[in-house]
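Participant: Pasting a structure here, questions to come.
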Amino acid sequence: MVKSLITTQKLCKTFSKGGQQQHVLKNMDLDIYEGDFTVIMGSSGSGKSTLLYALSGMDKPTLGEIRFAGREISKLSHDQLALFRRDHCGFVFQQIYLLDNMSVLDNVLAAGLLQARKKKAVAEKAKELLKRVGLAEEAWGKFPSQLSGGEAQRAGIVRALIHEPDIVFADEPTGALNSASSMAVLDILTEINAGGQSMVMVTHDLKSALRGSRILYLRDGIVCGKLALGRYSAAAGAEDGLAARAGASAGGSTDGSTVTRTEDGTVAGDDSSRLERLNRFLAEMGW
Amino acid sequence: MSLAMLILLSTLLLHVGLGIFVKVDPFFTERVEESQSAHGIVILQEKLYEPEQLAYLQQDSRVTSVEAEQVMYMGQASIGVGSQSMGVASLFMNLDQERDIAPVKLLQEAAVPAEKAVYVPVSLKNMGYELGDALDLSYLNKDFQFMVAGYFETTAFGTVNSGTLKFYVKEPAYQQLEKSIKDTAGSRMLSVRMVDPEQSSQLLRSFKEETGVRQSEESTFLNTNFMDYRSMAMVTTMMISIFAMLLVAFSWIIVIVALIVIRFRVVNTIEDQMVNMGVLGALGYTSRQIKASLILQFMVISAVGAGPGSLLSYVAQPAISDLLSSLSGLTWVSGFQPVIDLVSAVVVLLLVLGVTFAASRRISKLPPVIALRGGVHTHSFRRNAAPLDRGWGGLQLRLAMKNIGANLRQNVIVALIMAGVTFASVFTAIIHYNVAVDKGALYDMFGSEMSDIVISAQEGADSASLFTALAGKEGVVKANLLDVSPGFMDGLDLAVYVAEDFDSMENLSVYKGRMPLHDNEIVLTGVMSDNVGKTIGETVELEAGGNSGSFLITGLTQTMNNGGQVALMTLSGMHTLNPSYDIRSLHLYLDDPSRVDDVIDELKQDYAENIAQIQNYYELAEMQLSTYSSSISLLMTVVLIVTSLVVALIVYLVIHSLILKRKRDLGIYKAIGYTTFQLMVQTALSLLPAIVAGAVIGGLLAAWVSNPLLSLLLYNVGVSSAAFDVPVIVVMVLCAAVVGLAYVISLATSRRIRKVSAYELIVE
């Protein structure tokens with residue numbers, strides 16, 4: 001049974017600038033499912049990042065409701081939202097945003113120790129995760145300025161995961177990285193999602209979007225298209241060097257998008273058809 | 001705004017302090033010249049006066065005019081102050097007498113019958129004498145009642161500090177006094193005006209040498225007086241000088257604080273504006289132009305503070321003038337001081353210019369391309385301070401420690417500033433504590449034996465049997481014989497304290513060596529020891545009672561009496577010079593000091609015929625101290641208020657710029673789930689060690705150097721080894737208060753963090 005993790009009802013976000021109102025998100029009804037790798041796409045100014053940060057409790061909606069696992073978060077104060085993010089969310093930013101004045105390991109622990117008091121256990125877990133994302137031990141003691149972009153973003157991902165969040169929000173995580181680093185970061189995110197981690201990612205990059213199990217396309221503050229791609233598999237390989245295959249999704253589509261699921265929940269179609277379908281979808285959306 | 005406030009404060013304090021400091025000497029000189037007052041004064045008992053003495057002064061080429069006048073001079077008089085009588089030498093002069101030197105200048109006058117009218121120095125107004133009040137004079141068992149008819153200003157004998165008070169009475173009252181006490185008090189006052197007033201001490205010295213006149217034993221010690229120009233100036237302006245010195249010192253602390261803050265702000269501004277500077281550089285602005293605009297920005301802020309600072313000092317002038325007038329007994333008119341205005345403002349602005357220029361040098365070394373990238377980001381190999389995976393302390397504390405490490409230089413500056421202001425606060429609090437709260441140490445430094453009652457035996461009375469009787473009275477726990485006699489040493493007049501047993505004294509003590517025990521021993525004050533160039537283990541020649549003898553210095557003491565020119569010797573020692581010498585003062589110590597007034601009444605009743613004078617010493621000392629303690633209280637209040645302001649400003653500036661600098665980090669913290677309060681505590685905590693370290697260093701330093709510093713400040717009044725009590729609890733409370741205030745303000749200022757949003761990370 002597909003379980004909705006985040007639900008929005010009539011979600012609106014309006015910014016005022018120089019006395020002029022700019023409606024960035026308009027009456028958005030949306031569900032984000034548990035275990036999904038939801039990718040939000042759209043043209044520049046369509047409201048992708050605004051939606052991401054509204055869903056994650058980083059910002060408050062102007063109108064409407066956001067429920068996280070049934071709990072309404074849109075009315076929480078800023079400090080309550082901070083506690084909410086601490087308990088449920090992980091973030092990966094385009095600009096990475098590691099804290100300059102501390103080592104990689106401490107950057108991770110600064111988030112991990114917020115919840116857990118057992119220093120030793122959290123440190124062990126941080127080291128394990130850092131190893132898992134391919135950061136060598138000698139990098140743990142380095143400062144962010146001493147790392148490459150790819151290394152820094154891996155540290156950023158570990159920071160997002162250290163407290164075992166219910167969902168990870170990633171805002172253009174490869175936007176500031178070179179091609180090789182982007183691939184590595186995407187592989188890590190894919191692998192994490194394969195382990196059941198819910199994830200929402202904003203991107204305008206096709207290769208990144210292909211890693212998602214579900215695509216939401218935004219235009220002028222409205223979700224104008226949804227596509228269920230199913231889970232990406234690195235083992236299958238793909239023509240552009242990306243391994244792609246349709247994998248088992250944690251649940252079926254409930255939003256009426258163009259995905260076709262088998263009875264056991266796997267998505268029909270092979271990797272090439274996956275890319276093809278995404279391309280077709282984006283073409284339909286006018287991307 | 002806060003920087004302008006700091007500049008305003010420093011200019012204000014510097015202006016006031018410098019204004020006083022620079023004016024002290026000219027103030028006295030102006031007053032002397034304006035009132036045509038004497039540069040040197042000799043008062044001799046009429047029976048000692050000879051016309052040759054006047055002739056000697058007249059023929060001296062340094063002298064421009066001399067005036068001899070008959071006066072009533074009562075060395076052992078006491079005047080009624082409140083319910084008590086205060087022993088103070090009293091000089092009564094005839095108001096109706098014409099005189100060229102120091103003609104009377106009355107400030108206020110009331111209608112009082114001529115035979116009762118007395119005109120008193122204006123300093124007595126501050127001691128509570130109002131026009132029309134009674135003033136009782138008691139001299140050698142004779143009582144006179146007067147009424148205060150007016151106040152006058154005088155540069156000599158105008159304050160209790162000088163040990164003598166001058167009074168004017170009208171002809172009928174003067175005649176009455178003359179009739180009654182001419183034999184004992186009739187004196188001749190020789191007033192001298194000179195080409196160079198500074199020569200007066202040499203003149204009086206040669207006068208003594210040539211005429212053989214001493215503050216001599218032929219009269220009594222207290223019935224002869226010499227006063228040179230320096231001594232007059234010193235007793236009049238001593239407290240003003242100390243007050244101004246403390247104010248100037250404190251204002252410099254504030255100036256230094258302001259400069260440190262400016263440097264800090266310039267460096268931060270360069271950091272914040274680096275990209276803009278890069279843009280300007282790329283557009284073709286030279287680094288000199290960019291630097292000039294930054295310097296100009298700070299100069300304008302400083303000018304905005306310095307101008308009103310100078311103006312505000314004029315607003316504060318009436319209050320300051322009142323205070324200084326009460327301290328000196330002379331009307332202090334601050335007036336318009338354009339030079340001081342200019343100097344204090346220019347000094348502050350030049351210092352600001354220098355510091356801004358030095359701090360902005362970095363701009364010259366910043367190519368536009370680097371500036372556009374936000375500065376050089378080289379690899380850092382610094383140590384990861386306070387790692388989070390190990391070590392003691394909670395997460396917040398460890399994160400705060402990281403921030404300390406990251407802002408080490410800034411923290412050192414904050415610690416230095418805190419140390420400076422804490423030092424100033426603790427130093428003034430120590431002075432205040434000793435002057436206004438627990439005066440024990442001050443009494444010790446006075447060098448007066450502070451017994452409960454001091455009794456002087458009547459001339460001709462059998463002092464030995466009187467004192468035996470008094471010492472045996474019920475309620476008396478101890479009695480000490482102690483008297484003061486004139487002496488002459490190495491060309492200097494001095495007061496010799498003579499006692500049977502110095503070891504039983506409560507307040508008289510030595511700070512080095514030991515008290516005199518044998519008849520060939522003497523103790524000198526540190527000041528006297530410096531004057532004669534002799535110290536412990538050496539012998540000095542003392543002249544007293546018409547004879548001279550050699551005495552071994554066994555110890556050093558200090559006293560604020562007689563300008564520190566004092567020696568201590570045993571009665572047996574004095575007998576080697578003057579075999580007929582007799583101690584005529586007895587100090588009584590009561591088991592219940594609260595009964596002192598009752599005991600005095602009883603003694604007056606029982607021994608009226610044998611007692612010349614009886615005094616409640618503590619009450620008199622308290623009264624004399626009250627002027628000082630109120631000015632010290634005022635100074636402490638000013639210092640504490642300014643300290644609080646500085647602490648608030650510094651903490652505000654530092655936290656404010658920290659938040660600006662760490663805006664990105666704070667956004668990240670918020671994004672990963674830190675609450676505003678956690679970040680507030682983290683920010684405030686990161687500043688706390690610097691604040692605590694500064695407060696502790698300042699407090700300890702003040703506790704440690706207060707006495708040496710006071711010894712320097714008070715050397716001229718005879719204190720060579722200040723031993724003020726340093727109340728640990730006061731030091732601790734003040735340090736804690738500085739830390740507490742700083743922490744509360746840092747928390748309050750950190751509230752701005754709530755405006756920092758994680759969302760700004762995305763939209764930036």
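Ligands are numbered from 1 in the order shown, chains are lettered A, B, ... in the order of the structure tokens, and residues start at 1 in each chain.
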Within 7 Å of chain A, which residues of chain B are there when counting only C-alpha atoms? Please give them as a ChimeraX atom specification.
Facilitator: /B:379-380,384,387-389,395,406,665,668,670-676,758-759
Participant: Write to file, as a compact mmCIF listing (two decimals), in the first residue's frame, the residues of the selection just made, with C-alpha atoms.
Facilitator:
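Below you can see part.txt, which holds the result:
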# COMPACT_ATOMS: atom_id res chain seq x y z
CA HIS B 379 43.93 26.08 1.99
CA SER B 380 43.73 26.21 5.70
CA ASN B 384 40.04 21.71 14.11
CA PRO B 387 36.31 18.38 17.87
CA LEU B 388 32.73 17.25 18.36
CA ASP B 389 33.40 13.50 18.48
CA LEU B 395 27.25 20.26 21.73
CA ALA B 406 37.70 30.89 14.66
CA ASP B 665 26.57 29.65 8.98
CA ILE B 668 22.95 26.44 7.72
CA LYS B 670 18.86 26.70 11.16
CA ALA B 671 18.40 24.52 8.10
CA ILE B 672 19.72 21.47 9.86
CA GLY B 673 17.44 22.03 12.81
CA TYR B 674 19.07 24.37 15.31
CA THR B 675 16.60 26.65 17.09
CA THR B 676 17.11 30.39 17.45
CA ALA B 758 17.56 29.26 6.56
CA TYR B 759 15.52 30.21 3.55
Participant: Would you mind listing what lies within 10 Å of A:Leu282 as an NGL selection string, with only C-alpha atoms counted and same-chain residues fewer than 5 positions away left out?
Facilitator: :A and (41-42 or 206 or 215 or 217 or 225-227 or 276-277 or 287)
Participant: Let's have the selection written as a CSV table (one decimal), in the first residue's frame, with all heavy atoms.
Facilitator:
chain,number,residue,atom,x,y,z
A,41,MET,N,10.8,19.2,-11.4
A,41,MET,CA,11.4,19.9,-12.5
A,41,MET,C,10.6,21.0,-12.9
A,41,MET,O,9.5,21.2,-12.5
A,41,MET,CB,11.6,18.9,-13.7
A,41,MET,CG,12.6,17.7,-13.4
A,41,MET,SD,12.9,16.8,-14.8
A,41,MET,CE,14.1,17.8,-15.7
A,42,GLY,N,11.1,21.8,-13.8
A,42,GLY,CA,10.4,23.0,-14.3
A,42,GLY,C,11.3,24.0,-14.8
A,42,GLY,O,12.5,24.0,-14.5
A,206,LEU,N,18.7,16.6,-16.9
A,206,LEU,CA,18.0,15.4,-17.3
A,206,LEU,C,18.6,14.1,-16.7
A,206,LEU,O,17.9,13.2,-16.2
A,206,LEU,CB,18.2,15.3,-18.9
A,206,LEU,CG,17.3,14.2,-19.6
A,206,LEU,CD1,15.8,14.6,-19.4
A,206,LEU,CD2,17.7,14.2,-21.0
A,215,ILE,N,8.4,12.0,-11.4
A,215,ILE,CA,8.8,13.3,-11.8
A,215,ILE,C,7.5,14.2,-11.6
A,215,ILE,O,6.4,13.8,-12.1
A,215,ILE,CB,9.2,13.4,-13.3
A,215,ILE,CG1,10.2,12.3,-13.6
A,215,ILE,CG2,9.7,14.7,-13.7
A,215,ILE,CD1,11.6,12.4,-13.0
A,217,TYR,N,6.3,18.0,-12.7
A,217,TYR,CA,6.8,19.2,-13.5
A,217,TYR,C,6.0,20.4,-13.2
A,217,TYR,O,4.7,20.4,-13.2
A,217,TYR,CB,6.6,18.8,-15.0
A,217,TYR,CG,7.4,19.8,-15.9
A,217,TYR,CD1,8.7,19.6,-16.2
A,217,TYR,CD2,6.7,21.0,-16.3
A,217,TYR,CE1,9.4,20.6,-16.9
A,217,TYR,CE2,7.4,21.9,-17.1
A,217,TYR,CZ,8.8,21.7,-17.4
A,217,TYR,OH,9.5,22.6,-18.1
A,225,GLY,N,2.4,18.3,-14.6
A,225,GLY,CA,2.5,17.0,-15.1
A,225,GLY,C,3.3,16.1,-14.1
A,225,GLY,O,4.1,16.6,-13.4
A,226,LYS,N,2.9,14.8,-14.1
A,226,LYS,CA,3.5,13.9,-13.2
A,226,LYS,C,3.9,12.6,-14.0
A,226,LYS,O,3.1,12.2,-14.9
A,226,LYS,CB,2.6,13.5,-12.1
A,226,LYS,CG,2.2,14.7,-11.2
A,226,LYS,CD,1.1,14.2,-10.3
A,226,LYS,CE,0.6,15.5,-9.5
A,226,LYS,NZ,-0.6,15.1,-8.7
A,227,LEU,N,5.1,12.1,-13.7
A,227,LEU,CA,5.5,10.9,-14.4
A,227,LEU,C,6.1,9.9,-13.4
A,227,LEU,O,7.0,10.3,-12.6
A,227,LEU,CB,6.5,11.2,-15.5
A,227,LEU,CG,7.2,10.1,-16.1
A,227,LEU,CD1,6.3,9.4,-17.1
A,227,LEU,CD2,8.5,10.6,-16.9
A,276,GLU,N,13.4,7.3,-22.6
A,276,GLU,CA,12.5,7.7,-23.7
A,276,GLU,C,11.2,8.4,-23.2
A,276,GLU,O,10.8,9.4,-23.6
A,276,GLU,CB,12.1,6.5,-24.5
A,276,GLU,CG,11.7,6.7,-25.9
A,276,GLU,CD,11.4,5.4,-26.6
A,276,GLU,OE1,12.3,4.6,-26.8
A,276,GLU,OE2,10.2,5.3,-26.9
A,277,ARG,N,10.7,7.7,-22.1
A,277,ARG,CA,9.5,8.2,-21.5
A,277,ARG,C,9.7,9.6,-20.9
A,277,ARG,O,8.8,10.4,-20.9
A,277,ARG,CB,8.9,7.2,-20.5
A,277,ARG,CG,8.3,6.0,-21.2
A,277,ARG,CD,7.4,5.2,-20.2
A,277,ARG,NE,8.3,4.6,-19.2
A,277,ARG,CZ,8.0,4.7,-17.9
A,277,ARG,NH1,7.0,5.5,-17.5
A,277,ARG,NH2,8.8,4.1,-17.0
A,287,TRP,N,9.4,21.5,-22.1
A,287,TRP,CA,10.7,21.7,-21.5
A,287,TRP,C,11.8,22.0,-22.4
A,287,TRP,O,11.9,21.3,-23.5
A,287,TRP,CB,11.1,20.5,-20.6
A,287,TRP,CG,12.2,20.7,-19.7
A,287,TRP,CD1,12.2,21.6,-18.7
A,287,TRP,CD2,13.5,20.1,-19.7
A,287,TRP,NE1,13.4,21.6,-18.0
A,287,TRP,CE2,14.2,20.6,-18.6
A,287,TRP,CE3,14.1,19.1,-20.5
A,287,TRP,CZ2,15.5,20.2,-18.3
A,287,TRP,CZ3,15.3,18.7,-20.1
A,287,TRP,CH2,16.1,19.2,-19.0
Participant: Using only C-alpha atoms, which protein or nucleic acid residues come within 10 Å of B:Ser548? Drop anything in the same chain fewer than 5 positions from it, and give the result as a ChimeraX atom specification.
Facilitator: /B:487-489,541-543,576-578
Participant: So that I have them on file, write out the residues from the current selection with C-alpha atoms, as a PDB file, in the first residue's frame.
Facilitator:
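Output contents, as saved in again14.pdb:
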ATOM      1  CA  GLY B 487      61.056  69.928  64.597  1.00  0.00           C
ATOM      2  CA  PHE B 488      63.557  70.928  61.965  1.00  0.00           C
ATOM      3  CA  MET B 489      65.470  68.520  59.799  1.00  0.00           C
ATOM      4  CA  GLU B 541      70.026  65.225  62.545  1.00  0.00           C
ATOM      5  CA  LEU B 542      66.872  66.539  64.223  1.00  0.00           C
ATOM      6  CA  GLU B 543      66.505  69.947  65.765  1.00  0.00           C
ATOM      7  CA  THR B 576      67.369  64.104  74.989  1.00  0.00           C
ATOM      8  CA  LEU B 577      66.671  67.317  73.070  1.00  0.00           C
ATOM      9  CA  ASN B 578      64.221  69.008  75.388  1.00  0.00           C
TER      10      ASN B 578
END
Participant: For atom CA of B:Tyr168 and atom CA of B:Tyr617, quote the distance in Å rounded to one decimal.
Facilitator: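 Those two atoms sit 26.5 Å apart.
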Participant: Just the residues within 12 Å of B:Phe250, please, counting only C-alpha atoms, with nothing from its chain fewer than 2 positions along; format it as a PyMOL selection string.
Facilitator: chain B and resi 9-18+243-248+252-257+420-425+427-428+635-636+638-640+642-643+646
Participant: Go ahead and save the picked residues with N, CA, C and O atoms, as a short mmCIF file (atom, residue, chain, number, x, y, z; two decimals), in the first residue's frame.
Facilitator:
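Saved file selection_21.cif follows:
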data_model
loop_
_atom_site.label_atom_id
_atom_site.label_comp_id
_atom_site.auth_asym_id
_atom_site.auth_seq_id
_atom_site.Cartn_x
_atom_site.Cartn_y
_atom_site.Cartn_z
N LEU B 9 31.38 59.53 23.91
CA LEU B 9 31.77 59.32 25.32
C LEU B 9 33.23 59.64 25.52
O LEU B 9 33.60 60.32 26.50
N SER B 10 34.10 59.13 24.62
CA SER B 10 35.53 59.37 24.83
C SER B 10 35.85 60.85 24.70
O SER B 10 36.63 61.37 25.49
N THR B 11 35.24 61.52 23.73
CA THR B 11 35.52 62.95 23.59
C THR B 11 35.02 63.71 24.81
O THR B 11 35.71 64.59 25.33
N LEU B 12 33.84 63.34 25.27
CA LEU B 12 33.25 64.00 26.44
C LEU B 12 34.17 63.87 27.65
O LEU B 12 34.53 64.86 28.31
N LEU B 13 34.56 62.63 27.94
CA LEU B 13 35.40 62.40 29.13
C LEU B 13 36.77 63.04 28.96
O LEU B 13 37.30 63.64 29.90
N LEU B 14 37.33 62.90 27.77
CA LEU B 14 38.66 63.46 27.53
C LEU B 14 38.61 64.98 27.66
O LEU B 14 39.49 65.59 28.25
N HIS B 15 37.54 65.54 27.13
CA HIS B 15 37.39 66.98 27.18
C HIS B 15 37.28 67.46 28.63
O HIS B 15 37.97 68.39 29.05
N VAL B 16 36.42 66.80 29.39
CA VAL B 16 36.24 67.20 30.79
C VAL B 16 37.54 67.00 31.57
O VAL B 16 38.02 67.89 32.27
N GLY B 17 38.12 65.79 31.43
CA GLY B 17 39.35 65.46 32.16
C GLY B 17 40.48 66.40 31.80
O GLY B 17 41.12 66.98 32.67
N LEU B 18 40.73 66.57 30.49
CA LEU B 18 41.83 67.44 30.04
C LEU B 18 41.57 68.88 30.46
O LEU B 18 42.48 69.58 30.90
N PHE B 243 41.19 63.85 40.98
CA PHE B 243 39.93 63.63 40.26
C PHE B 243 40.18 63.72 38.75
O PHE B 243 39.75 62.85 37.99
N ALA B 244 40.91 64.76 38.33
CA ALA B 244 41.16 64.95 36.90
C ALA B 244 42.02 63.83 36.35
O ALA B 244 41.78 63.32 35.25
N MET B 245 43.02 63.42 37.14
CA MET B 245 43.93 62.36 36.70
C MET B 245 43.15 61.07 36.44
O MET B 245 43.32 60.41 35.42
N LEU B 246 42.26 60.74 37.39
CA LEU B 246 41.46 59.51 37.24
C LEU B 246 40.55 59.63 36.03
O LEU B 246 40.38 58.67 35.26
N LEU B 247 39.99 60.82 35.84
CA LEU B 247 39.06 61.03 34.72
C LEU B 247 39.79 60.92 33.38
O LEU B 247 39.31 60.27 32.44
N VAL B 248 40.98 61.53 33.31
CA VAL B 248 41.75 61.48 32.06
C VAL B 248 42.17 60.04 31.77
O VAL B 248 42.05 59.55 30.64
N TRP B 252 41.07 57.86 28.53
CA TRP B 252 42.01 57.20 27.60
C TRP B 252 41.64 55.75 27.39
O TRP B 252 41.77 55.21 26.29
N ILE B 253 41.18 55.12 28.47
CA ILE B 253 40.73 53.72 28.31
C ILE B 253 39.61 53.67 27.28
O ILE B 253 39.60 52.83 26.38
N ILE B 254 38.69 54.63 27.39
CA ILE B 254 37.55 54.65 26.46
C ILE B 254 38.02 54.95 25.04
O ILE B 254 37.55 54.36 24.07
N VAL B 255 38.99 55.88 24.92
CA VAL B 255 39.51 56.20 23.59
C VAL B 255 40.13 54.95 22.97
O VAL B 255 39.87 54.62 21.81
N ILE B 256 40.91 54.23 23.77
CA ILE B 256 41.56 53.01 23.26
C ILE B 256 40.49 52.00 22.85
O ILE B 256 40.58 51.37 21.79
N VAL B 257 39.45 51.88 23.69
CA VAL B 257 38.36 50.97 23.36
C VAL B 257 37.75 51.36 22.01
O VAL B 257 37.53 50.53 21.13
N GLY B 420 40.26 46.36 30.48
CA GLY B 420 40.42 47.81 30.70
C GLY B 420 39.29 48.40 31.51
O GLY B 420 39.51 49.07 32.52
N VAL B 421 38.06 48.11 31.09
CA VAL B 421 36.93 48.73 31.79
C VAL B 421 36.73 48.11 33.18
O VAL B 421 36.34 48.79 34.12
N THR B 422 37.02 46.81 33.29
CA THR B 422 36.89 46.19 34.61
C THR B 422 37.93 46.78 35.56
O THR B 422 37.65 47.05 36.72
N PHE B 423 39.13 46.99 35.02
CA PHE B 423 40.19 47.60 35.82
C PHE B 423 39.72 48.95 36.37
O PHE B 423 39.84 49.22 37.57
N ALA B 424 39.19 49.77 35.47
CA ALA B 424 38.75 51.11 35.89
C ALA B 424 37.67 51.01 36.96
O ALA B 424 37.70 51.71 37.96
N SER B 425 36.72 50.10 36.75
CA SER B 425 35.61 49.97 37.72
C SER B 425 36.12 49.47 39.06
O SER B 425 35.76 50.02 40.10
N PHE B 427 39.13 49.57 40.25
CA PHE B 427 40.03 50.54 40.87
C PHE B 427 39.24 51.63 41.60
O PHE B 427 39.50 51.93 42.77
N THR B 428 38.24 52.19 40.92
CA THR B 428 37.47 53.25 41.58
C THR B 428 36.62 52.67 42.71
O THR B 428 36.41 53.33 43.72
N LEU B 635 32.67 60.04 41.13
CA LEU B 635 33.60 59.51 40.15
C LEU B 635 33.29 58.04 39.87
O LEU B 635 33.27 57.59 38.73
N MET B 636 33.04 57.30 40.97
CA MET B 636 32.76 55.87 40.80
C MET B 636 31.47 55.68 39.99
O MET B 636 31.40 54.83 39.12
N VAL B 638 30.25 57.71 37.78
CA VAL B 638 30.56 58.00 36.37
C VAL B 638 31.26 56.81 35.73
O VAL B 638 30.89 56.34 34.64
N VAL B 639 32.29 56.30 36.44
CA VAL B 639 33.07 55.18 35.88
C VAL B 639 32.17 53.96 35.67
O VAL B 639 32.23 53.30 34.62
N LEU B 640 31.32 53.67 36.64
CA LEU B 640 30.47 52.48 36.52
C LEU B 640 29.46 52.63 35.38
O LEU B 640 29.23 51.69 34.62
N VAL B 642 29.82 54.58 32.73
CA VAL B 642 30.53 54.52 31.45
C VAL B 642 30.98 53.09 31.16
O VAL B 642 30.90 52.61 30.02
N THR B 643 31.43 52.39 32.22
CA THR B 643 31.83 50.99 32.03
C THR B 643 30.65 50.19 31.49
O THR B 643 30.80 49.42 30.53
N VAL B 646 30.13 51.04 27.94
CA VAL B 646 31.17 50.48 27.07
C VAL B 646 30.96 48.98 26.89
O VAL B 646 31.02 48.46 25.77
#
Participant: If we count only C-alpha atoms and set the cut-off at 9 Å, which residues sit around B:Met574, ignoring sequence neighbours fewer than 6 positions away in its own chain? Please answer as a ChimeraX atom specification.
Facilitator: /B:498,519,544-545,581
Participant: Report as a list of chain:residue names all protein, DNA and RNA residues lying within 6 Å of A:Ser213, evaluated on only C-alpha atoms, omitting residues in the same chain fewer than 5 positions from it.
Facilitator: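 Here the answer would be A:Phe37, A:Ala228, A:Leu229, A:Gly230, A:Arg231.
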Participant: Please extract the residues of stretch 92-220 of chain B with a backbone DSSP assignment of alpha helix (DSSP H) and present them as a PyMOL selection string.
Facilitator: chain B and resi 123-126+171-185+200-211
Participant: Need to verify the contact set: B:Arg62, 8 Å, only C-alpha atoms, exclusion of same-chain residues closer than 3 positions in sequence. Can you return it as number ranges by chain?
Facilitator: B: 194-196, 199
Participant: Check the smallest atom-to-atom distance from each of B:Ala386, B:Met401, B:Val728, B:Met274 to B:Ala702 using only C-alpha atoms, then report the winner.
Facilitator: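 Checking each candidate against B:Ala702, we get B:Val728 as the closest.
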Participant: I need the strand (DSSP E) residues of stretch 302-507 of chain B per DSSP on the backbone, written as a PyMOL selection string.
Facilitator: chain B and resi 453-457+476-489+492-499
Participant: Which is closest to B:Asn480 among B:Tyr151, B:Phe27, B:Tyr511, B:Tyr589, if we use only C-alpha atoms?
Facilitator: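 Closest to B:Asn480 of all the choices is B:Tyr589.
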